[in-house]
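Below is coords_18.cif, which holds mmCIF, C-alpha atoms.
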```cif
data_model
loop_
_atom_site.group_PDB
_atom_site.id
_atom_site.type_symbol
_atom_site.label_atom_id
_atom_site.label_comp_id
_atom_site.auth_asym_id
_atom_site.auth_seq_id
_atom_site.Cartn_x
_atom_site.Cartn_y
_atom_site.Cartn_z
ATOM 1 C CA MET A 1 20.723 12.861 -22.249
ATOM 2 C CA TYR A 2 18.000 15.424 -21.692
ATOM 3 C CA PRO A 3 16.212 16.092 -18.428
ATOM 4 C CA ASP A 4 12.927 14.148 -18.440
ATOM 5 C CA SER A 5 14.607 11.307 -20.213
ATOM 6 C CA PHE A 6 15.942 8.271 -18.519
ATOM 7 C CA GLU A 7 17.496 5.051 -19.473
ATOM 8 C CA ILE A 8 16.857 1.601 -18.149
ATOM 9 C CA SER A 9 19.124 -1.189 -19.233
ATOM 10 C CA ALA A 10 20.308 -4.620 -18.314
ATOM 11 C CA PRO A 11 24.039 -4.212 -18.857
ATOM 12 C CA GLY A 12 25.088 -7.637 -17.705
ATOM 13 C CA GLU A 13 23.298 -10.850 -16.985
ATOM 14 C CA ARG A 14 22.845 -9.984 -13.333
ATOM 15 C CA GLU A 15 22.181 -6.252 -13.377
ATOM 16 C CA ILE A 16 19.543 -3.680 -14.002
ATOM 17 C CA ARG A 17 20.644 -0.099 -14.373
ATOM 18 C CA VAL A 18 18.462 2.990 -14.227
ATOM 19 C CA THR A 19 19.965 6.370 -14.952
ATOM 20 C CA ARG A 20 18.300 9.774 -14.938
ATOM 21 C CA LEU A 21 19.295 13.404 -15.183
ATOM 22 C CA PHE A 22 17.692 15.853 -12.761
ATOM 23 C CA ASP A 23 17.469 19.613 -13.035
ATOM 24 C CA ALA A 24 18.650 20.269 -9.493
ATOM 25 C CA PRO A 25 21.875 20.448 -7.510
ATOM 26 C CA ARG A 26 23.304 17.289 -6.052
ATOM 27 C CA GLN A 27 22.489 18.138 -2.439
ATOM 28 C CA LEU A 28 18.798 18.390 -3.225
ATOM 29 C CA VAL A 29 18.686 15.209 -5.250
ATOM 30 C CA PHE A 30 20.598 13.339 -2.564
ATOM 31 C CA ASP A 31 18.174 14.651 0.054
ATOM 32 C CA ALA A 32 15.220 13.573 -2.066
ATOM 33 C CA PHE A 33 16.609 10.046 -2.109
ATOM 34 C CA THR A 34 17.548 9.861 1.560
ATOM 35 C CA LYS A 35 15.130 11.892 3.679
ATOM 36 C CA PRO A 36 11.958 9.920 4.429
ATOM 37 C CA GLU A 37 9.688 12.972 4.349
ATOM 38 C CA LEU A 38 10.890 13.619 0.797
ATOM 39 C CA VAL A 39 11.188 10.042 -0.448
ATOM 40 C CA ARG A 40 7.546 9.297 0.297
ATOM 41 C CA ARG A 41 6.489 12.223 -1.860
ATOM 42 C CA TRP A 42 7.823 10.725 -5.062
ATOM 43 C CA LEU A 43 8.952 7.089 -4.845
ATOM 44 C CA LEU A 44 5.419 5.900 -5.441
ATOM 45 C CA GLY A 45 5.219 4.407 -8.926
ATOM 46 C CA PRO A 46 1.959 4.864 -10.820
ATOM 47 C CA PRO A 47 -0.931 6.869 -9.326
ATOM 48 C CA GLY A 48 -3.026 5.293 -6.615
ATOM 49 C CA TRP A 49 -0.195 4.268 -4.322
ATOM 50 C CA THR A 50 0.895 5.786 -1.038
ATOM 51 C CA MET A 51 3.853 5.045 1.161
ATOM 52 C CA PRO A 52 2.647 4.407 4.704
ATOM 53 C CA VAL A 53 6.099 3.273 5.830
ATOM 54 C CA CYS A 54 9.334 5.014 4.914
ATOM 55 C CA GLU A 55 12.134 4.503 7.373
ATOM 56 C CA ILE A 56 15.745 5.364 6.660
ATOM 57 C CA ASP A 57 18.702 5.032 8.995
ATOM 58 C CA LEU A 58 21.343 6.446 6.709
ATOM 59 C CA ARG A 59 24.591 4.950 7.927
ATOM 60 C CA ALA A 60 26.647 1.832 7.255
ATOM 61 C CA GLY A 61 24.792 -0.967 9.005
ATOM 62 C CA GLY A 62 21.610 1.098 9.199
ATOM 63 C CA VAL A 63 18.309 -0.338 8.058
ATOM 64 C CA TYR A 64 15.755 1.063 5.638
ATOM 65 C CA ARG A 65 12.192 -0.077 5.122
ATOM 66 C CA TYR A 66 9.559 0.931 2.556
ATOM 67 C CA VAL A 67 5.947 -0.176 2.423
ATOM 68 C CA TRP A 68 3.661 0.904 -0.401
ATOM 69 C CA ARG A 69 -0.084 0.629 -0.298
ATOM 70 C CA GLN A 70 -2.536 0.624 -3.150
ATOM 71 C CA GLU A 71 -5.380 2.743 -1.798
ATOM 72 C CA SER A 72 -8.066 1.252 -4.028
ATOM 73 C CA ASP A 73 -7.898 -2.208 -2.466
ATOM 74 C CA GLY A 74 -5.498 -1.890 0.441
ATOM 75 C CA LYS A 75 -2.885 -4.212 -1.036
ATOM 76 C CA GLU A 76 0.562 -3.614 0.317
ATOM 77 C CA MET A 77 4.056 -4.220 -0.969
ATOM 78 C CA GLY A 78 7.099 -3.972 1.243
ATOM 79 C CA MET A 79 10.822 -3.985 0.798
ATOM 80 C CA GLY A 80 13.905 -3.105 2.753
ATOM 81 C CA GLY A 81 17.524 -3.749 3.436
ATOM 82 C CA VAL A 82 20.724 -2.694 5.105
ATOM 83 C CA TYR A 83 23.097 0.068 4.081
ATOM 84 C CA ARG A 84 26.582 -1.184 3.345
ATOM 85 C CA GLU A 85 28.264 2.056 2.427
ATOM 86 C CA ILE A 86 27.321 5.744 2.480
ATOM 87 C CA VAL A 87 29.349 8.533 0.953
ATOM 88 C CA LEU A 88 27.308 11.674 1.484
ATOM 89 C CA LEU A 89 26.191 13.349 -1.742
ATOM 90 C CA GLU A 90 27.914 10.676 -3.805
ATOM 91 C CA ARG A 91 27.086 7.083 -3.214
ATOM 92 C CA ILE A 92 24.733 4.745 -1.403
ATOM 93 C CA VAL A 93 25.218 0.998 -1.389
ATOM 94 C CA ALA A 94 22.481 -1.094 0.185
ATOM 95 C CA THR A 95 21.012 -4.557 0.064
ATOM 96 C CA GLU A 96 17.483 -4.931 -1.212
ATOM 97 C CA ARG A 97 14.853 -7.540 -0.542
ATOM 98 C CA PHE A 98 11.130 -7.515 -1.325
ATOM 99 C CA ASP A 99 8.734 -9.020 1.220
ATOM 100 C CA GLU A 100 6.833 -11.048 -1.315
ATOM 101 C CA SER A 101 9.696 -12.148 -3.461
ATOM 102 C CA TRP A 102 9.794 -15.788 -4.432
ATOM 103 C CA TYR A 103 13.501 -15.387 -4.320
ATOM 104 C CA ALA A 104 15.075 -15.896 -0.927
ATOM 105 C CA GLY A 105 18.226 -13.930 -1.559
ATOM 106 C CA GLU A 106 19.091 -10.298 -1.858
ATOM 107 C CA ALA A 107 20.158 -7.799 -4.438
ATOM 108 C CA LEU A 108 22.748 -5.088 -4.001
ATOM 109 C CA ASP A 109 21.750 -1.560 -4.969
ATOM 110 C CA THR A 110 24.354 1.061 -5.744
ATOM 111 C CA THR A 111 23.074 4.608 -6.200
ATOM 112 C CA VAL A 112 25.517 7.185 -7.473
ATOM 113 C CA PHE A 113 25.021 10.952 -7.763
ATOM 114 C CA VAL A 114 27.212 12.998 -10.082
ATOM 115 C CA GLY A 115 26.981 16.774 -10.489
ATOM 116 C CA GLU A 116 26.892 18.004 -14.075
ATOM 117 C CA GLY A 117 26.802 21.787 -13.917
ATOM 118 C CA ASP A 118 23.401 22.704 -12.553
ATOM 119 C CA PHE A 119 22.175 19.160 -13.110
ATOM 120 C CA THR A 120 22.633 15.910 -11.268
ATOM 121 C CA ARG A 121 22.947 12.528 -12.895
ATOM 122 C CA MET A 122 21.669 9.700 -10.766
ATOM 123 C CA THR A 123 22.415 6.080 -11.578
ATOM 124 C CA ILE A 124 21.051 3.075 -9.720
ATOM 125 C CA THR A 125 22.563 -0.300 -10.421
ATOM 126 C CA VAL A 126 20.786 -3.314 -8.985
ATOM 127 C CA LEU A 127 23.024 -6.339 -8.883
ATOM 128 C CA TYR A 128 21.444 -9.741 -8.387
ATOM 129 C CA GLU A 129 23.216 -12.891 -7.355
ATOM 130 C CA SER A 130 22.199 -14.515 -10.629
ATOM 131 C CA MET A 131 20.160 -13.647 -13.685
ATOM 132 C CA GLU A 132 17.379 -15.929 -12.538
ATOM 133 C CA ALA A 133 17.343 -14.044 -9.243
ATOM 134 C CA ARG A 134 17.167 -10.719 -11.033
ATOM 135 C CA ASP A 135 14.106 -11.727 -12.939
ATOM 136 C CA THR A 136 12.418 -13.482 -10.049
ATOM 137 C CA ALA A 137 13.022 -10.889 -7.353
ATOM 138 C CA LYS A 138 11.821 -7.843 -9.221
ATOM 139 C CA ARG A 139 8.793 -9.424 -10.703
ATOM 140 C CA SER A 140 6.855 -10.193 -7.550
ATOM 141 C CA GLY A 141 6.032 -6.582 -6.805
ATOM 142 C CA MET A 142 5.578 -5.344 -10.301
ATOM 143 C CA ALA A 143 2.830 -7.351 -11.872
ATOM 144 C CA GLY A 144 0.043 -6.332 -14.173
ATOM 145 C CA GLY A 145 0.309 -3.992 -17.062
ATOM 146 C CA MET A 146 -0.273 -4.403 -20.714
ATOM 147 C CA ALA A 147 1.142 -7.047 -22.973
ATOM 148 C CA VAL A 148 3.320 -5.797 -25.803
ATOM 149 C CA SER A 149 4.708 -7.434 -28.852
ATOM 150 C CA TYR A 150 8.203 -8.844 -29.178
ATOM 151 C CA ASN A 151 9.289 -5.904 -31.297
ATOM 152 C CA ARG A 152 8.794 -3.518 -28.403
ATOM 153 C CA LEU A 153 11.044 -5.481 -26.064
ATOM 154 C CA GLU A 154 14.199 -3.896 -27.420
ATOM 155 C CA GLU A 155 12.544 -0.479 -27.448
ATOM 156 C CA LEU A 156 11.971 -0.788 -23.742
ATOM 157 C CA LEU A 157 15.666 -1.037 -23.072
ATOM 158 C CA ILE A 158 16.658 2.235 -24.666
ATOM 159 C CA SER A 159 16.224 5.776 -23.484
ATOM 160 C CA THR A 160 13.032 7.687 -23.889
ATOM 161 C CA HIS A 161 11.515 11.018 -23.006
ATOM 162 C CA ALA A 162 9.303 10.757 -19.975
ATOM 163 C CA GLY A 163 7.367 13.899 -20.773
ATOM 164 C CA MET B 1 -1.268 -1.177 -10.613
ATOM 165 C CA GLU B 2 -2.529 -4.623 -9.827
ATOM 166 C CA LEU B 3 -0.590 -6.837 -7.511
ATOM 167 C CA ASN B 4 -0.718 -10.315 -8.916
ATOM 168 C CA GLY B 5 0.989 -13.187 -7.254
ATOM 169 C CA TYR B 6 2.925 -15.030 -9.872
ATOM 170 C CA SER B 7 2.938 -18.749 -9.354
ATOM 171 C CA ASN B 8 6.258 -20.524 -9.042
ATOM 172 C CA LYS B 9 5.674 -22.010 -12.457
ATOM 173 C CA ALA B 10 5.231 -18.642 -14.118
ATOM 174 C CA SER B 11 8.205 -17.337 -12.203
ATOM 175 C CA HIS B 12 10.410 -20.163 -13.415
ATOM 176 C CA ARG B 13 9.247 -19.625 -16.955
ATOM 177 C CA LEU B 14 10.230 -15.995 -16.717
ATOM 178 C CA ASP B 15 13.703 -17.023 -15.548
ATOM 179 C CA LEU B 16 14.096 -19.234 -18.593
ATOM 180 C CA THR B 17 12.712 -16.539 -20.860
ATOM 181 C CA PHE B 18 15.252 -13.954 -19.789
ATOM 182 C CA ALA B 19 18.076 -16.452 -19.990
ATOM 183 C CA ALA B 20 16.964 -17.387 -23.464
ATOM 184 C CA LEU B 21 16.751 -13.747 -24.531
ATOM 185 C CA ALA B 22 20.210 -12.922 -23.237
ATOM 186 C CA ASP B 23 21.834 -14.016 -26.471
ATOM 187 C CA PRO B 24 21.848 -12.082 -29.748
ATOM 188 C CA THR B 25 21.640 -15.186 -31.923
ATOM 189 C CA ARG B 26 18.564 -16.383 -30.102
ATOM 190 C CA ARG B 27 16.984 -12.951 -30.344
ATOM 191 C CA GLY B 28 17.708 -13.037 -34.052
ATOM 192 C CA ILE B 29 16.062 -16.440 -34.324
ATOM 193 C CA LEU B 30 12.974 -15.146 -32.551
ATOM 194 C CA ALA B 31 12.837 -12.147 -34.846
ATOM 195 C CA ARG B 32 12.929 -14.468 -37.849
ATOM 196 C CA LEU B 33 10.244 -16.732 -36.378
ATOM 197 C CA ALA B 34 8.049 -13.721 -35.743
ATOM 198 C CA LEU B 35 7.670 -13.679 -39.520
ATOM 199 C CA GLY B 36 6.617 -17.324 -39.687
ATOM 200 C CA LYS B 37 7.679 -20.926 -39.129
ATOM 201 C CA ALA B 38 11.060 -22.026 -40.381
ATOM 202 C CA PRO B 39 13.236 -25.135 -40.571
ATOM 203 C CA VAL B 40 16.681 -25.325 -38.992
ATOM 204 C CA ASN B 41 18.695 -24.806 -42.170
ATOM 205 C CA GLU B 42 16.858 -21.589 -42.883
ATOM 206 C CA LEU B 43 17.394 -20.319 -39.357
ATOM 207 C CA ALA B 44 21.111 -21.105 -39.521
ATOM 208 C CA THR B 45 21.834 -19.202 -42.744
ATOM 209 C CA PRO B 46 21.851 -15.577 -41.487
ATOM 210 C CA PHE B 47 24.268 -16.466 -38.708
ATOM 211 C CA ALA B 48 26.730 -18.474 -40.761
ATOM 212 C CA MET B 49 26.374 -21.061 -38.056
ATOM 213 C CA SER B 50 26.219 -24.814 -38.322
ATOM 214 C CA GLN B 51 22.893 -26.548 -37.874
ATOM 215 C CA PRO B 52 23.986 -28.307 -34.693
ATOM 216 C CA ALA B 53 24.979 -24.926 -33.251
ATOM 217 C CA ILE B 54 21.616 -23.444 -34.155
ATOM 218 C CA SER B 55 19.898 -26.516 -32.738
ATOM 219 C CA LYS B 56 21.521 -25.837 -29.387
ATOM 220 C CA HIS B 57 19.992 -22.387 -29.398
ATOM 221 C CA LEU B 58 16.634 -23.781 -30.454
ATOM 222 C CA LYS B 59 16.734 -26.166 -27.503
ATOM 223 C CA VAL B 60 17.195 -23.235 -25.107
ATOM 224 C CA LEU B 61 14.328 -21.374 -26.731
ATOM 225 C CA GLU B 62 12.130 -24.454 -26.640
ATOM 226 C CA ARG B 63 12.857 -25.103 -22.982
ATOM 227 C CA ALA B 64 11.822 -21.527 -22.247
ATOM 228 C CA GLY B 65 8.582 -22.100 -24.097
ATOM 229 C CA LEU B 66 9.417 -19.340 -26.546
ATOM 230 C CA ILE B 67 9.198 -21.670 -29.524
ATOM 231 C CA THR B 68 7.659 -25.027 -30.282
ATOM 232 C CA ARG B 69 9.167 -27.472 -32.726
ATOM 233 C CA ASP B 70 7.585 -30.098 -34.908
ATOM 234 C CA ARG B 71 8.291 -33.690 -34.006
ATOM 235 C CA ASP B 72 9.029 -34.534 -37.636
ATOM 236 C CA ALA B 73 12.809 -34.941 -37.726
ATOM 237 C CA GLN B 74 13.079 -34.438 -41.473
ATOM 238 C CA ARG B 75 11.869 -30.903 -41.795
ATOM 239 C CA ARG B 76 11.578 -29.843 -38.242
ATOM 240 C CA LEU B 77 9.830 -26.494 -38.176
ATOM 241 C CA SER B 78 10.099 -24.085 -35.277
ATOM 242 C CA ARG B 79 7.376 -21.604 -34.488
ATOM 243 C CA LEU B 80 7.209 -18.657 -32.132
ATOM 244 C CA GLU B 81 5.115 -18.833 -28.975
ATOM 245 C CA ALA B 82 3.893 -15.433 -27.883
ATOM 246 C CA LYS B 83 2.888 -15.886 -24.255
ATOM 247 C CA PRO B 84 6.309 -16.121 -22.557
ATOM 248 C CA LEU B 85 7.494 -13.067 -24.424
ATOM 249 C CA ALA B 86 4.402 -11.155 -23.425
ATOM 250 C CA GLU B 87 5.099 -12.015 -19.798
ATOM 251 C CA ALA B 88 8.696 -10.882 -20.046
ATOM 252 C CA THR B 89 7.796 -7.610 -21.658
ATOM 253 C CA GLU B 90 4.982 -7.002 -19.175
ATOM 254 C CA TRP B 91 7.564 -7.083 -16.429
ATOM 255 C CA LEU B 92 9.823 -4.610 -18.162
ATOM 256 C CA VAL B 93 6.923 -2.313 -18.941
ATOM 257 C CA ASP B 94 5.896 -2.249 -15.301
ATOM 258 C CA TYR B 95 9.400 -1.695 -14.029
ATOM 259 C CA ARG B 96 9.858 1.139 -16.461
ATOM 260 C CA LYS B 97 6.453 2.640 -15.601
ATOM 261 C CA PHE B 98 7.320 2.565 -11.914
ATOM 262 C CA TRP B 99 10.438 4.623 -12.434
ATOM 263 C CA GLU B 100 8.921 6.877 -15.069
ATOM 264 C CA SER B 101 6.053 7.885 -12.785
ATOM 265 C CA SER B 102 8.319 8.229 -9.784
ATOM 266 C CA PHE B 103 10.856 10.404 -11.584
ATOM 267 C CA THR B 104 8.165 12.695 -12.947
ATOM 268 C CA ARG B 105 6.981 13.202 -9.404
ATOM 269 C CA LEU B 106 10.535 13.756 -8.246
ATOM 270 C CA ASP B 107 11.013 16.453 -10.897
ATOM 271 C CA GLU B 108 8.026 18.290 -9.433
ATOM 272 C CA LEU B 109 9.346 17.903 -5.909
ATOM 273 C CA LEU B 110 12.746 19.251 -6.931
ATOM 274 C CA VAL B 111 11.117 22.323 -8.485
ATOM 275 C CA ASP B 112 9.168 22.781 -5.302
ATOM 276 C CA LEU B 113 12.291 22.542 -3.160
ATOM 277 C CA GLN B 114 14.090 25.116 -5.287
ATOM 278 C CA THR B 115 11.236 27.621 -5.306
ATOM 279 C CA PRO B 116 11.798 30.362 -2.733
ATOM 280 C CA PRO B 117 8.932 30.586 -0.199
ATOM 281 C CA LYS B 118 7.795 34.096 -1.158
ATOM 282 C CA LYS B 119 7.117 32.963 -4.716
ATOM 283 C CA LYS B 120 4.807 30.250 -3.546
ATOM 284 C CA LYS B 121 1.069 30.827 -3.182
ATOM 285 C CA ARG B 122 0.293 32.133 0.266
ATOM 286 C CA LYS B 123 -2.263 30.039 2.043
ATOM 287 C CA HIS B 124 -2.498 32.300 5.092
ATOM 288 C CA LYS B 125 -2.314 36.025 4.540
ATOM 289 C CA ASN B 126 -1.371 36.652 8.131
ATOM 290 C CA LYS B 127 1.582 34.264 8.159
ATOM 291 C CA LYS B 128 4.826 36.039 8.919
ATOM 292 C CA HIS B 129 8.133 35.074 7.318
#
```
Would you write the structure of this file as structure tokens?
Amino acid sequence: MYPDSFEISAPGEREIRVTRLFDAPRQLVFDAFTKPELVRRWLLGPPGWTMPVCEIDLRAGGVYRYVWRQESDGKEMGMGGVYREIVLLERIVATERFDESWYAGEALDTTVFVGEGDFTRMTITVLYESMEARDTAKRSGMAGGMAVSYNRLEELLISTHAG
Amino acid sequence: MELNGYSNKASHRLDLTFAALADPTRRGILARLALGKAPVNELATPFAMSQPAISKHLKVLERAGLITRDRDAQRRLSRLEAKPLAEATEWLVDYRKFWESSFTRLDELLVDLQTPPKKKKRKHKNKKH
């Protein structure tokens, strides 16, 4: 895997996995994922969004809360959850729930950081209670976008260069 | 990025779509139907599967709205319906775009964090280190 490339897959019926290699040491990448002043500088999705709320209480039982805002029309999208397990520099396990999800339950996010020389490989696995939940929960915040043909569906599940 | 509220109906359809797609035989059937309508016996051949077995898969696809089937029992043709697939792929595109944009930004932040202060552009000439 090259830096700039990442992979998104659905390894089982209930999971989504995102993995990415970063050109930075593990401490920095871990900080970027766990310090609010850093998180809100990048976890924004496509242009036009800001992150007015970014709260992180990084400990088992601690709560996190994110709210994104689309500046063009003021629409907001919120999510949050509770940390189940923290191993500094290595692993974060947390529940995840979107405010506007049609799905009443929660997903479990596991984020793992592995040093590879000067690089860090980050993998997030989102585990839903069922496949239906996976597809329902994620969708509510991520609407819009262009329609593509069936042939591109498989393409979307393999790695690509972001650059 | 537009925030649409999906109705419950559309949401349920997406559930069925992903469930239907989570099977290689069904994906193969859809790929074949993308080329045009086909009867059951023709759909069964590439999989060395019995017609009843293929029919089970067709039922799942039909329930998800991914195909429609003729009522004529003799030569029942299945045809591909594009809309549910478009919805499913829209979702994946957006999810991927979210992460792609975010990670690009994170790359820039990580460069920034690793750049020693004296190499950065000085905004204030009088600022002491």
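If you count all atoms listed in the file and ignore residues fewer than 2 places along the chain from Ala82 (chain B), what sits within 8 Å of it is Tyr150 of chain A; Leu66, Leu80, Pro84, Leu85 and Ala86 of chain B.
Excluding region 55-62 of chain B itself and any same-chain residue fewer than 2 positions from it, the protein and nucleic acid residues within 9 Å of it, counting all atoms listed in the file, are Leu16, Thr17, Ala19, Ala20, Leu21, Thr25, Arg26, Ile29, Leu30, Val40, Ala44, Ser50, Gln51, Pro52, Ala53, Ala64, Gly65, Leu66, Ile67, Thr68, Arg69 and Ser78 of chain B.
CA of Arg59 (chain A) to CA of Leu110 (chain B) spans 23.8 Å [interatomic distance, one decimal].
Between CA of Ile92 (chain A) and CA of Gly117 (chain A) the separation is 21.2 Å.
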Please evaluate the PyMOL selection byres ((chain A and resi 70) around 10) against the displayed coordinates and give the resulting residues as number ranges by chain.
A: 44, 46-51, 68-69, 71-77; B: 1-3
